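What follows is one structure encoded as C-alpha cells, with my remarks underneath.
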Protein chains: 2
Amino acid sequence: MKALIKITLKNGVLDPQGKAIEHALDSLGFDGVSDVRQGKLIELDLNAANEAAAREEVEQMCQKLLANTVIENYSFELVS
Amino acid sequence: MKALIKITLKNGVLDPQGKAIEHALDSLGFDGVSDVRQGKLIELDLNAANEAAAREEVEQMCQKLLANTVIENYSFELVS
C-alpha cells in the first residue's frame, strides 16, 4: 500500500522559503502571485494488513517523526 | 485562484533525504516501510483571468523556477 503524506506549515508560521520563491517569481515577471507556502511531500510504501491498520501506522509516523506538530499540519491519503 | 504544485524526484534519481527518513522510521520500529521519497509541495495564490491562463502561468513557473526538470517531475492542480 502506498501512502502520500502532505506536510504544510500552520497558518501564521513564518515561511522564509515561501517568501523567497514569491520574490523570485516576481523578479521573473510573474505578477499577482501571493501567499506562497512551501511544504513537504513524502511518498512511501508500507506493508499493512488492511487500510485501517495502514491509516493508524501512517498517523503514528507523522506524529512521531515526519511532522513537527507544533508548527506543521499533516494530511495523507492511501493508495492501494 | 489557488495552485497546489507537487514536485517529486524522477525515478532512478537518488534521494538521500528519503533514505534518511526510511532509516529513521525503521529505528522507530515501523517495519515494512520501503521506497520512501521526499518531494516538495508549493501552494500559491495567483491572479489569472481564467483557468486556462492560470494553468499556462503555473506551467511556466514550474519550467522556469520551481522544478529542476532534469531530475524532477511536477504536477499541479488548481482550486478556484
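Chain labels follow the order of the C-alpha cells: the first chain is A, the next B, and so on; residue numbering restarts at 1 in every chain, and ligands are counted from 1 in their shown order.
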Please superimpose chain B upon chain A, fitting all C-alpha atoms matched one to one in order, and report the result as a short mmCIF file (atom, residue, chain, number, x, y, z; two decimals) with C-alpha atoms, in the first residue's frame.
```cif
data_model
loop_
_atom_site.label_atom_id
_atom_site.label_comp_id
_atom_site.auth_asym_id
_atom_site.auth_seq_id
_atom_site.Cartn_x
_atom_site.Cartn_y
_atom_site.Cartn_z
CA MET B 1 0.02 0.00 0.00
CA LYS B 2 1.31 3.46 -0.88
CA ALA B 3 0.89 6.50 1.34
CA LEU B 4 1.16 10.09 0.15
CA ILE B 5 1.76 12.46 3.05
CA LYS B 6 1.47 16.23 2.79
CA ILE B 7 3.14 18.32 5.47
CA THR B 8 2.47 22.05 5.50
CA LEU B 9 3.33 24.88 7.85
CA LYS B 10 0.46 26.04 10.04
CA ASN B 11 -1.12 29.38 9.30
CA GLY B 12 0.76 32.19 11.00
CA VAL B 13 4.09 30.36 10.99
CA LEU B 14 6.66 32.37 9.05
CA ASP B 15 7.77 30.66 5.83
CA PRO B 16 11.02 32.20 4.57
CA GLN B 17 11.35 29.62 1.79
CA GLY B 18 7.90 30.54 0.51
CA LYS B 19 8.79 34.23 0.64
CA ALA B 20 12.00 33.57 -1.32
CA ILE B 21 10.01 31.75 -4.01
CA GLU B 22 7.50 34.61 -4.12
CA HIS B 23 10.26 37.18 -4.67
CA ALA B 24 11.93 35.01 -7.30
CA LEU B 25 8.65 34.58 -9.20
CA ASP B 26 8.09 38.32 -9.02
CA SER B 27 11.60 39.00 -10.42
CA LEU B 28 10.85 36.62 -13.28
CA GLY B 29 7.81 38.68 -14.19
CA PHE B 30 5.04 36.57 -12.69
CA ASP B 31 2.77 39.26 -11.27
CA GLY B 32 -0.11 38.76 -8.93
CA VAL B 33 1.40 35.79 -7.12
CA SER B 34 0.90 35.85 -3.36
CA ASP B 35 0.74 33.65 -0.29
CA VAL B 36 3.43 31.24 -1.44
CA ARG B 37 3.97 28.45 1.10
CA GLN B 38 6.34 25.54 0.76
CA GLY B 39 5.63 22.21 2.33
CA LYS B 40 6.88 18.65 2.13
CA LEU B 41 5.53 15.69 0.27
CA ILE B 42 6.53 12.21 1.41
CA GLU B 43 5.68 9.07 -0.53
CA LEU B 44 6.24 5.64 0.94
CA ASP B 45 5.29 2.01 0.57
CA LEU B 46 4.14 0.10 3.59
CA ASN B 47 3.07 -3.42 4.43
CA ALA B 48 -0.15 -3.27 6.35
CA ALA B 49 -2.84 -5.89 6.82
CA ASN B 50 -5.65 -3.56 5.81
CA GLU B 51 -6.48 0.07 5.22
CA ALA B 52 -7.40 0.81 8.84
CA ALA B 53 -4.05 -0.57 10.06
CA ALA B 54 -2.19 1.42 7.39
CA ARG B 55 -4.02 4.60 8.36
CA GLU B 56 -3.12 4.11 12.03
CA GLU B 57 0.52 3.38 11.17
CA VAL B 58 0.94 6.46 8.96
CA GLU B 59 -0.76 8.59 11.62
CA GLN B 60 1.85 7.36 14.14
CA MET B 61 4.71 8.02 11.70
CA CYS B 62 3.52 11.61 11.22
CA GLN B 63 3.13 12.20 14.97
CA LYS B 64 6.45 10.63 15.94
CA LEU B 65 8.78 11.61 13.12
CA LEU B 66 7.54 13.15 9.91
CA ALA B 67 5.75 16.27 11.10
CA ASN B 68 6.60 18.76 13.80
CA THR B 69 3.07 19.16 15.09
CA VAL B 70 3.91 22.39 16.93
CA ILE B 71 4.30 24.26 13.66
CA GLU B 72 3.14 21.84 10.97
CA ASN B 73 -0.11 20.25 9.82
CA TYR B 74 -0.20 16.96 8.03
CA SER B 75 -2.66 15.04 5.92
CA PHE B 76 -2.29 11.86 3.95
CA GLU B 77 -4.02 9.60 1.51
CA LEU B 78 -3.58 5.89 0.92
CA VAL B 79 -3.42 4.27 -2.50
CA SER B 80 -3.59 0.50 -2.63
#
```
### Task
Taking the DSSP assignment computed from this structure's backbone, write out as a PyMOL selection string all residues of chain B that belong to strand (DSSP E or B).
chain B and resi 2-9+33-46+72-79
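Backbone DSSP over chain A gives helix (DSSP H, G or I) for Pro16, Gln17, Gly18, Lys19, Ala20, Ile21, Glu22, His23, Ala24, Leu25, Asp26, Ser27, Glu51, Ala52, Ala53, Ala54, Arg55, Glu56, Glu57, Val58, Glu59, Gln60, Met61, Cys62, Gln63, Lys64, Leu65 and Leu66 of chain A.
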Would you put the residues from that selection into a file with N, CA and C atoms, as a JSON list (two decimals), in the first residue's frame?
```json
[["chain", "number", "residue", "atom", "x", "y", "z"],
["A", 16, "PRO", "N", 10.03, 31.46, 5.34],
["A", 16, "PRO", "CA", 11.01, 32.20, 4.56],
["A", 16, "PRO", "C", 11.25, 31.60, 3.18],
["A", 17, "GLN", "N", 11.16, 30.27, 3.07],
["A", 17, "GLN", "CA", 11.34, 29.61, 1.78],
["A", 17, "GLN", "C", 10.24, 30.05, 0.80],
["A", 18, "GLY", "N", 9.03, 30.09, 1.33],
["A", 18, "GLY", "CA", 7.90, 30.54, 0.51],
["A", 18, "GLY", "C", 8.09, 31.97, 0.05],
["A", 19, "LYS", "N", 8.55, 32.82, 0.97],
["A", 19, "LYS", "CA", 8.79, 34.23, 0.64],
["A", 19, "LYS", "C", 9.85, 34.35, -0.45],
["A", 20, "ALA", "N", 10.90, 33.53, -0.33],
["A", 20, "ALA", "CA", 11.99, 33.57, -1.32],
["A", 20, "ALA", "C", 11.45, 33.19, -2.70],
["A", 21, "ILE", "N", 10.59, 32.18, -2.73],
["A", 21, "ILE", "CA", 10.00, 31.75, -4.01],
["A", 21, "ILE", "C", 9.14, 32.88, -4.57],
["A", 22, "GLU", "N", 8.37, 33.52, -3.68],
["A", 22, "GLU", "CA", 7.49, 34.61, -4.11],
["A", 22, "GLU", "C", 8.30, 35.74, -4.77],
["A", 23, "HIS", "N", 9.41, 36.12, -4.11],
["A", 23, "HIS", "CA", 10.26, 37.18, -4.67],
["A", 23, "HIS", "C", 10.86, 36.75, -6.00],
["A", 24, "ALA", "N", 11.30, 35.50, -6.06],
["A", 24, "ALA", "CA", 11.93, 35.01, -7.30],
["A", 24, "ALA", "C", 10.91, 35.01, -8.44],
["A", 25, "LEU", "N", 9.69, 34.58, -8.15],
["A", 25, "LEU", "CA", 8.64, 34.58, -9.19],
["A", 25, "LEU", "C", 8.37, 36.01, -9.65],
["A", 26, "ASP", "N", 8.34, 36.93, -8.68],
["A", 26, "ASP", "CA", 8.10, 38.33, -9.01],
["A", 26, "ASP", "C", 9.21, 38.87, -9.92],
["A", 27, "SER", "N", 10.47, 38.54, -9.58],
["A", 27, "SER", "CA", 11.59, 39.01, -10.41],
["A", 27, "SER", "C", 11.50, 38.44, -11.81],
["A", 51, "GLU", "N", -6.56, -1.37, 5.32],
["A", 51, "GLU", "CA", -6.48, 0.07, 5.22],
["A", 51, "GLU", "C", -6.51, 0.75, 6.59],
["A", 52, "ALA", "N", -7.31, 0.22, 7.51],
["A", 52, "ALA", "CA", -7.40, 0.82, 8.85],
["A", 52, "ALA", "C", -6.05, 0.75, 9.56],
["A", 53, "ALA", "N", -5.37, -0.40, 9.43],
["A", 53, "ALA", "CA", -4.06, -0.58, 10.06],
["A", 53, "ALA", "C", -3.05, 0.38, 9.43],
["A", 54, "ALA", "N", -3.11, 0.53, 8.10],
["A", 54, "ALA", "CA", -2.19, 1.41, 7.39],
["A", 54, "ALA", "C", -2.41, 2.86, 7.85],
["A", 55, "ARG", "N", -3.68, 3.24, 7.95],
["A", 55, "ARG", "CA", -4.03, 4.60, 8.36],
["A", 55, "ARG", "C", -3.46, 4.91, 9.76],
["A", 56, "GLU", "N", -3.62, 3.96, 10.66],
["A", 56, "GLU", "CA", -3.12, 4.11, 12.03],
["A", 56, "GLU", "C", -1.59, 4.21, 12.03],
["A", 57, "GLU", "N", -0.94, 3.38, 11.20],
["A", 57, "GLU", "CA", 0.52, 3.37, 11.17],
["A", 57, "GLU", "C", 1.06, 4.71, 10.62],
["A", 58, "VAL", "N", 0.47, 5.19, 9.55],
["A", 58, "VAL", "CA", 0.94, 6.45, 8.95],
["A", 58, "VAL", "C", 0.69, 7.60, 9.93],
["A", 59, "GLU", "N", -0.44, 7.59, 10.59],
["A", 59, "GLU", "CA", -0.76, 8.59, 11.62],
["A", 59, "GLU", "C", 0.36, 8.63, 12.68],
["A", 60, "GLN", "N", 0.75, 7.46, 13.14],
["A", 60, "GLN", "CA", 1.83, 7.36, 14.14],
["A", 60, "GLN", "C", 3.16, 7.89, 13.59],
["A", 61, "MET", "N", 3.45, 7.55, 12.33],
["A", 61, "MET", "CA", 4.70, 8.03, 11.71],
["A", 61, "MET", "C", 4.73, 9.55, 11.68],
["A", 62, "CYS", "N", 3.58, 10.15, 11.31],
["A", 62, "CYS", "CA", 3.50, 11.62, 11.22],
["A", 62, "CYS", "C", 3.70, 12.23, 12.61],
["A", 63, "GLN", "N", 3.04, 11.66, 13.60],
["A", 63, "GLN", "CA", 3.12, 12.19, 14.97],
["A", 63, "GLN", "C", 4.53, 12.07, 15.53],
["A", 64, "LYS", "N", 5.17, 10.91, 15.28],
["A", 64, "LYS", "CA", 6.44, 10.64, 15.94],
["A", 64, "LYS", "C", 7.65, 11.17, 15.19],
["A", 65, "LEU", "N", 7.57, 11.25, 13.88],
["A", 65, "LEU", "CA", 8.78, 11.62, 13.13],
["A", 65, "LEU", "C", 8.57, 12.65, 12.03],
["A", 66, "LEU", "N", 7.57, 12.40, 11.17],
["A", 66, "LEU", "CA", 7.54, 13.15, 9.92],
["A", 66, "LEU", "C", 7.15, 14.62, 10.08]]
```
